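Student: Submitted below is the structure of interest, expressed as structure tokens.
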Amino acid sequence: MSKSKPGFTALAADYLDLCKPKVVALIVFTAIVGMLLAVPGAVPLDLFVFGTIGIGLAAASAAAINHFIDRRIDAEMARTRNRPLPTGHLKGWQVLTFASVLGALAMALLWFLVNPLTAVLTLASLVGYAIIYTVFLKRATPQNIVIGGAAGAAPPVLGWAAITGEVHPHALLLFLIIFTWTPPHFWALAIHRREEYAKVDMPMLPVTHGVHFTGWHIIFYTVLLILVTLLPWLTGMSGLLYLASAVILGVAFLAYTIALKRDPDSRWPMKTFGFSITYLILLFAALMVDHYLAVWLAA
Ligand code: HEM
Ligand SMILES: CC(C)=CCC/C(C)=C/CC/C(C)=C/COP(=O)(O)OP(=O)(O)O
């Protein structure tokens with residue numbers, strides 16, 4: 001435990017760490033793509049700004065609550081032992097106060113300046129990740145991240161609802177993409193970190209069912225993901241530019257997962273994890289570019 005008083009920059013870095021900034025950045029990006037795809041032309045600026053900030057603050061609040069609930073297991077794992085609670089840089093009450101302020105601010109922004117539907121759905125995602133996943137599912141079943149993935153998949157639906165006030169079937173396709181993407185994203189990392197998860201008794205799939213079984217599940221979900229990513233084109237929501245991007249990215253992702261399955265004790269699991277993030281960024285960027293190309297061609 002560190003006893004020295006941290007300076008302002010170190011304290012700010014600890015609070016930022018609580019927010020899982022890289023994860024939240026990608027979550028916010030998928031929400032923004034949901035917003036942009038919701039209407040053919042320009043998005044109302046106020047809904048865009050308040051929606052983005054509200055969803056981002058809610059996700060950061062959920063991440064901080066996850067840090068608080070997981071503080072004991074985080075202290076046991078090499079990947080997480082330098083987090084602000086295990087190191088003693090922050091106290092539990094500071095983390096909970098911070099999470100409450102972020103969460104309250106998010107709800108106020110979304111409810112009053114966006115719309116109540118977005119506020120309610122965002123609150124459900126926050127509770128889904130911070131409580132249902134972290135407190136219950138994570139510790140209960142190897143299907144934890146499949147079910148818990150619903151919270152992380154919600155942001156495009158939240159973004160879409162922020163702009164239109166409704167849950168459109170096309171937004172649900174974006175949900176389905178992230179929902180199907182989550183298992184290969186997480187299980188690739190979990191294969192690499194399986195001994196640490198076993199040490200803290202977390203029933204992650206590679207711990208309960210082994211690497212071989214998890215490898216096949218990663219491949220299965222990636223094939224499913226490729227099929228699911230065809231749906232935006234099949235339903236007429238997106239065009240050929242998106243289709244080409246989805247197929248190329250999907251085949252590349254599948255190649256990574258096959259390499260992982262062949263050699264799970266190599267660098268491939270973490271390479272696959274890294275590629276899963278690049279994949280999602282590029283796929284959602286393709287959805288966005290394709291959308292504006294269609295708008296421009298129709299003009
Ligand atoms: C139940 C759902 C999910 C689980 C269990 C999960 C698991 C994880 C874990 C354990 C890490 C930490 C890796 C590390 O510390 O190095 C991570 C990192 C990350 N995840 Fe996920 N994730 C989930 C959903 C998502 C979603 C929905 C997104 C975005 C749309 C996302 C984007 C990221 C990003 C950007 C990173 C950062 C990697 C880095 O630090 O370089 N994850 N995820
Ligand atoms: C819009 C809204 C409120 C969304 C909330 C969704 C959200 C913040 C998802 C984060 C996903 C994630 C990093 C899971 C890993 O948790 P973990 O506890 O398994 O990983 P860890 O060991 O790295 O903490």
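Residues in the structure tokens are named by chain (A, B, ... in the order shown) and by number from 1 within that chain; ligands are numbered from 1 in the order shown.
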Could you pull out the residues sitting within 9 Å of ligand 1, using only C-alpha atoms and all ligand atoms, and write them as a CSV table (one decimal) with N, CA and C atoms, in the first residue's frame?

Tutor:
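What follows is the written file result.csv:
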```
chain,number,residue,atom,x,y,z
A,20,LYS,N,-12.2,3.5,-16.7
A,20,LYS,CA,-11.8,2.7,-17.8
A,20,LYS,C,-11.9,3.5,-19.1
A,21,PRO,N,-11.1,4.5,-19.2
A,21,PRO,CA,-11.3,5.5,-20.3
A,21,PRO,C,-11.2,4.9,-21.7
A,22,LYS,N,-10.4,3.8,-22.0
A,22,LYS,CA,-10.3,3.3,-23.3
A,22,LYS,C,-11.6,2.5,-23.7
A,23,VAL,N,-12.1,1.8,-22.7
A,23,VAL,CA,-13.4,1.0,-22.9
A,23,VAL,C,-14.5,2.0,-23.1
A,24,VAL,N,-14.6,3.1,-22.3
A,24,VAL,CA,-15.7,4.0,-22.4
A,24,VAL,C,-15.5,4.8,-23.7
A,25,ALA,N,-14.3,5.1,-24.2
A,25,ALA,CA,-14.1,5.8,-25.4
A,25,ALA,C,-14.8,5.0,-26.6
A,26,LEU,N,-14.6,3.7,-26.6
A,26,LEU,CA,-15.1,2.9,-27.7
A,26,LEU,C,-16.7,2.7,-27.5
A,27,ILE,N,-17.1,2.6,-26.3
A,27,ILE,CA,-18.5,2.6,-26.0
A,27,ILE,C,-19.2,3.8,-26.5
A,28,VAL,N,-18.6,5.0,-26.2
A,28,VAL,CA,-19.1,6.3,-26.7
A,28,VAL,C,-19.1,6.3,-28.2
A,29,PHE,N,-18.0,5.8,-28.8
A,29,PHE,CA,-18.0,5.8,-30.3
A,29,PHE,C,-19.1,5.0,-30.9
A,30,THR,N,-19.4,3.9,-30.3
A,30,THR,CA,-20.5,3.1,-30.9
A,30,THR,C,-21.9,3.8,-30.6
A,31,ALA,N,-22.0,4.5,-29.5
A,31,ALA,CA,-23.2,5.3,-29.3
A,31,ALA,C,-23.4,6.4,-30.3
A,79,ARG,N,-2.8,-8.2,-13.6
A,79,ARG,CA,-3.4,-7.2,-14.6
A,79,ARG,C,-4.1,-6.0,-13.9
A,80,THR,N,-4.6,-6.3,-12.7
A,80,THR,CA,-5.5,-5.3,-12.0
A,80,THR,C,-5.0,-4.8,-10.7
A,129,TYR,N,-24.4,-3.8,-16.1
A,129,TYR,CA,-23.0,-4.0,-16.0
A,129,TYR,C,-22.5,-4.0,-14.6
A,133,TYR,N,-24.0,-7.9,-13.9
A,133,TYR,CA,-22.7,-8.6,-14.3
A,133,TYR,C,-21.7,-8.8,-13.2
A,138,LYS,N,-20.7,-12.6,-13.0
A,138,LYS,CA,-19.2,-12.8,-13.1
A,138,LYS,C,-18.8,-13.9,-12.2
A,144,ASN,N,-21.2,-15.8,-17.9
A,144,ASN,CA,-21.3,-14.4,-17.4
A,144,ASN,C,-21.2,-13.3,-18.5
A,145,ILE,N,-20.2,-13.4,-19.3
A,145,ILE,CA,-19.9,-12.3,-20.3
A,145,ILE,C,-20.8,-12.4,-21.5
A,146,VAL,N,-21.4,-13.6,-21.7
A,146,VAL,CA,-22.4,-13.7,-22.8
A,146,VAL,C,-23.6,-12.9,-22.4
A,147,ILE,N,-24.1,-13.1,-21.2
A,147,ILE,CA,-25.3,-12.5,-20.7
A,147,ILE,C,-25.0,-11.0,-20.4
A,148,GLY,N,-23.9,-10.8,-19.7
A,148,GLY,CA,-23.5,-9.4,-19.3
A,148,GLY,C,-23.1,-8.6,-20.5
A,149,GLY,N,-22.8,-9.2,-21.6
A,149,GLY,CA,-22.5,-8.5,-22.8
A,149,GLY,C,-23.6,-7.6,-23.3
A,150,ALA,N,-24.8,-7.9,-22.8
A,150,ALA,CA,-26.0,-7.1,-23.3
A,150,ALA,C,-25.8,-5.6,-22.8
A,151,ALA,N,-25.2,-5.4,-21.6
A,151,ALA,CA,-25.0,-4.0,-21.2
A,151,ALA,C,-24.0,-3.3,-22.1
A,152,GLY,N,-23.0,-3.9,-22.4
A,152,GLY,CA,-21.9,-3.3,-23.3
A,152,GLY,C,-22.4,-3.1,-24.7
A,153,ALA,N,-23.4,-3.9,-25.1
A,153,ALA,CA,-23.9,-3.8,-26.5
A,153,ALA,C,-25.0,-2.8,-26.7
A,154,ALA,N,-25.5,-2.2,-25.5
A,154,ALA,CA,-26.6,-1.3,-25.6
A,154,ALA,C,-26.3,0.1,-26.2
A,155,PRO,N,-25.0,0.6,-26.0
A,155,PRO,CA,-24.8,2.0,-26.4
A,155,PRO,C,-25.3,2.5,-27.8
A,178,ILE,N,-22.6,-6.1,-31.4
A,178,ILE,CA,-21.6,-6.0,-30.3
A,178,ILE,C,-21.9,-7.1,-29.3
A,179,PHE,N,-23.1,-7.6,-29.2
A,179,PHE,CA,-23.5,-8.7,-28.3
A,179,PHE,C,-22.7,-10.0,-28.8
A,181,TRP,N,-20.0,-10.0,-30.7
A,181,TRP,CA,-18.6,-9.7,-30.7
A,181,TRP,C,-18.0,-9.9,-29.3
A,182,THR,N,-18.7,-9.7,-28.2
A,182,THR,CA,-18.2,-9.7,-26.9
A,182,THR,C,-17.5,-11.0,-26.5
A,183,PRO,N,-18.1,-12.2,-26.7
A,183,PRO,CA,-17.4,-13.4,-26.3
A,183,PRO,C,-16.1,-13.6,-26.9
A,185,HIS,N,-14.1,-11.3,-28.0
A,185,HIS,CA,-13.3,-10.2,-27.4
A,185,HIS,C,-12.8,-10.6,-26.0
A,186,PHE,N,-13.7,-11.1,-25.2
A,186,PHE,CA,-13.2,-11.3,-23.8
A,186,PHE,C,-12.5,-12.7,-23.6
A,187,TRP,N,-13.1,-13.7,-24.3
A,187,TRP,CA,-12.5,-15.1,-24.1
A,187,TRP,C,-11.0,-15.2,-24.6
A,189,LEU,N,-8.8,-12.8,-24.2
A,189,LEU,CA,-8.0,-12.3,-23.1
A,189,LEU,C,-8.1,-13.3,-21.9
A,190,ALA,N,-9.2,-13.9,-21.7
A,190,ALA,CA,-9.4,-14.9,-20.6
A,190,ALA,C,-8.5,-16.1,-20.8
A,273,PHE,N,-7.3,-10.5,-29.0
A,273,PHE,CA,-7.9,-9.5,-28.2
A,273,PHE,C,-7.7,-8.1,-28.7
A,274,GLY,N,-6.5,-7.8,-29.1
A,274,GLY,CA,-6.2,-6.5,-29.6
A,274,GLY,C,-6.9,-6.3,-30.9
A,276,SER,N,-9.7,-7.6,-31.8
A,276,SER,CA,-11.1,-7.5,-31.6
A,276,SER,C,-11.5,-6.0,-31.5
A,277,ILE,N,-10.6,-5.2,-30.8
A,277,ILE,CA,-10.9,-3.8,-30.6
A,277,ILE,C,-10.8,-3.0,-32.0
A,278,THR,N,-9.7,-3.3,-32.7
A,278,THR,CA,-9.5,-2.7,-34.0
A,278,THR,C,-10.7,-3.0,-34.9
A,280,LEU,N,-13.8,-3.7,-34.1
A,280,LEU,CA,-15.1,-3.0,-33.8
A,280,LEU,C,-15.0,-1.6,-34.2
A,281,ILE,N,-13.8,-1.0,-34.0
A,281,ILE,CA,-13.7,0.4,-34.4
A,281,ILE,C,-13.9,0.6,-35.9
```

Student: Show which residues sit within 12 Å of A:Ile258, as a list in words. Count only C-alpha atoms, and ignore same-chain residues fewer than 6 positions away.

Tutor: Pro184, Ala188, His212, Thr214, Gly215, Trp216, His217, Ile218, Ile219, Phe220, Thr222, Val223, Val251, Ala252, Pro264, Trp268, Pro269, Lys271 and Thr272 of chain A

Student: What would the file look like if the residues just selected were written as a compact mmCIF listing (two decimals), in the first residue's frame with C-alpha atoms?

Tutor:
```
# COMPACT_ATOMS: atom_id res chain seq x y z
CA PRO A 184 -14.48 -13.60 -28.73
CA ALA A 188 -9.28 -14.33 -26.06
CA HIS A 212 -9.75 -26.27 -26.23
CA THR A 214 -13.11 -22.02 -25.25
CA GLY A 215 -11.14 -21.90 -28.51
CA TRP A 216 -14.00 -23.60 -30.35
CA HIS A 217 -16.51 -21.21 -28.75
CA ILE A 218 -14.45 -18.23 -29.86
CA ILE A 219 -14.47 -19.55 -33.44
CA PHE A 220 -18.20 -20.33 -33.23
CA THR A 222 -16.81 -15.25 -34.68
CA VAL A 223 -18.59 -17.17 -37.46
CA VAL A 251 -12.47 -12.98 -42.37
CA ALA A 252 -9.44 -11.32 -40.73
CA PRO A 264 -3.32 -20.84 -27.31
CA TRP A 268 -2.16 -15.16 -30.51
CA PRO A 269 -4.73 -14.83 -27.69
CA LYS A 271 -3.15 -10.47 -30.60
CA THR A 272 -6.75 -11.64 -31.13
```

Student: Would you kindly return, as a PDB file with C-alpha atoms, in the first residue's frame, each protein, DNA or RNA residue with an atom no farther than 8 Å from any atom of stretch 32-48 of chain A, considering only C-alpha atoms and excluding same-chain residues fewer than 2 positions away?

Tutor:
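Written out: selection.pdb:
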```pdb
ATOM      1  CA  VAL A  28     -19.138   6.268 -26.698  1.00  0.00           C
ATOM      2  CA  PHE A  29     -17.971   5.838 -30.297  1.00  0.00           C
ATOM      3  CA  THR A  30     -20.536   3.054 -30.869  1.00  0.00           C
ATOM      4  CA  PHE A  50     -25.879  15.903 -24.203  1.00  0.00           C
ATOM      5  CA  GLY A  51     -26.533  12.326 -25.347  1.00  0.00           C
ATOM      6  CA  THR A  52     -22.818  11.651 -25.853  1.00  0.00           C
ATOM      7  CA  LEU A 113     -31.971  17.432 -21.923  1.00  0.00           C
ATOM      8  CA  VAL A 114     -32.311  14.305 -24.085  1.00  0.00           C
ATOM      9  CA  PRO A 155     -24.796   2.013 -26.429  1.00  0.00           C
ATOM     10  CA  PRO A 156     -25.781   2.186 -30.154  1.00  0.00           C
ATOM     11  CA  VAL A 157     -29.408   1.662 -29.068  1.00  0.00           C
ATOM     12  CA  LEU A 158     -28.987   4.397 -26.461  1.00  0.00           C
ATOM     13  CA  GLY A 159     -27.475   6.729 -29.069  1.00  0.00           C
ATOM     14  CA  TRP A 160     -30.276   6.007 -31.547  1.00  0.00           C
ATOM     15  CA  ALA A 161     -32.931   6.550 -28.839  1.00  0.00           C
ATOM     16  CA  ALA A 162     -31.274   9.847 -27.858  1.00  0.00           C
ATOM     17  CA  ILE A 163     -31.903  11.229 -31.345  1.00  0.00           C
ATOM     18  CA  THR A 164     -35.290   9.726 -32.216  1.00  0.00           C
ATOM     19  CA  ALA A 171     -30.529  -0.069 -33.741  1.00  0.00           C
ATOM     20  CA  LEU A 174     -26.110  -2.800 -33.961  1.00  0.00           C
ATOM     21  CA  PHE A 284     -18.540   0.948 -36.851  1.00  0.00           C
ATOM     22  CA  ALA A 285     -16.469   3.455 -38.846  1.00  0.00           C
ATOM     23  CA  LEU A 287     -21.224   1.786 -40.942  1.00  0.00           C
ATOM     24  CA  MET A 288     -20.820   5.539 -40.527  1.00  0.00           C
ATOM     25  CA  HIS A 291     -24.344   5.918 -44.179  1.00  0.00           C
ATOM     26  CA  VAL A 295     -26.947  10.311 -47.976  1.00  0.00           C
TER      27      VAL A 295
END
```

Student: For A:Phe175, which residue among A:Leu57, A:Leu102, A:Ile65, A:Val228 is the nearest when counting only C-alpha atoms?

Tutor: A:Val228

Student: What is the distance between atom CA of A:Asp74 and atom CA of A:Lys199, in Å to one decimal?

Tutor: 11.3 Å

Student: Quick one: everything within 6 Å of A:Ala58, counting only C-alpha atoms, minus sequence neighbours fewer than 3 positions away in the same chain. Send it as a PyMOL selection string.

Tutor: chain A and resi 55+61+103+106

Student: Residues near A:Pro84, anyone? I mean within 8 Å using only C-alpha atoms, not counting same-chain ones fewer than 2 positions away, as a list of chain:residue names.

Tutor: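 Once the nearby chain positions are removed, what remains is A:Asp14, A:Tyr15, A:Asp17, A:Leu18, A:Asn82, A:Pro86, A:Thr87, A:Gly88, A:His89, A:Leu90.
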
Student: Let's have the selection written as a short mmCIF file (atom, residue, chain, number, x, y, z; two decimals), in the first residue's frame, with N, CA and C atoms.

Tutor:
```
data_model
loop_
_atom_site.label_atom_id
_atom_site.label_comp_id
_atom_site.auth_asym_id
_atom_site.auth_seq_id
_atom_site.Cartn_x
_atom_site.Cartn_y
_atom_site.Cartn_z
N ASP A 14 -5.75 8.69 -11.12
CA ASP A 14 -6.45 7.61 -10.44
C ASP A 14 -7.96 7.66 -10.72
N TYR A 15 -8.53 8.88 -10.65
CA TYR A 15 -9.97 9.00 -10.94
C TYR A 15 -10.26 8.64 -12.40
N ASP A 17 -8.55 6.54 -14.18
CA ASP A 17 -8.39 5.09 -14.22
C ASP A 17 -9.70 4.38 -13.84
N LEU A 18 -10.40 4.95 -12.86
CA LEU A 18 -11.67 4.35 -12.41
C LEU A 18 -12.68 4.27 -13.54
N ASN A 82 -2.65 -2.87 -9.85
CA ASN A 82 -2.22 -1.46 -9.74
C ASN A 82 -3.36 -0.47 -9.85
N PRO A 86 -6.89 -1.22 -5.05
CA PRO A 86 -5.89 -2.15 -4.51
C PRO A 86 -4.60 -1.47 -4.05
N THR A 87 -4.19 -0.39 -4.73
CA THR A 87 -2.95 0.27 -4.32
C THR A 87 -3.17 1.15 -3.09
N GLY A 88 -4.44 1.43 -2.75
CA GLY A 88 -4.73 2.30 -1.60
C GLY A 88 -4.68 3.78 -1.97
N HIS A 89 -4.54 4.08 -3.26
CA HIS A 89 -4.53 5.49 -3.68
C HIS A 89 -5.87 6.15 -3.42
N LEU A 90 -6.94 5.38 -3.57
CA LEU A 90 -8.29 5.91 -3.29
C LEU A 90 -8.98 5.01 -2.28
#
```

Student: Give the helix (DSSP H, G or I) residues of stretch 29-275 of chain A, as DSSP finds them on the backbone, and put them as a ChimeraX atom specification.

Tutor: /A:29-37,45-69,71-76,92-114,116-140,144-153,155-164,169-192,194-199,205-234,240-262,268-275

Student: Nearest to ligand 2: which of A:Asn66, A:Thr208, A:Gln94, A:Ser100 is it, counting only C-alpha atoms and all ligand atoms?

Tutor: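 Among A:Asn66, A:Thr208, A:Gln94, A:Ser100, it is A:Asn66 that comes nearest to ligand 2.
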
Student: So what do you get for atom CA of A:Gly239 versus atom 1 (C, counted along the ligand's line) of ligand 2, distance-wise?

Tutor: 27.6 Å

Student: What does the distance from atom CA of A:Ile177 to atom CA of A:Thr257 come to in Å, to one decimal?

Tutor: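 It comes out at 17.1 Å.
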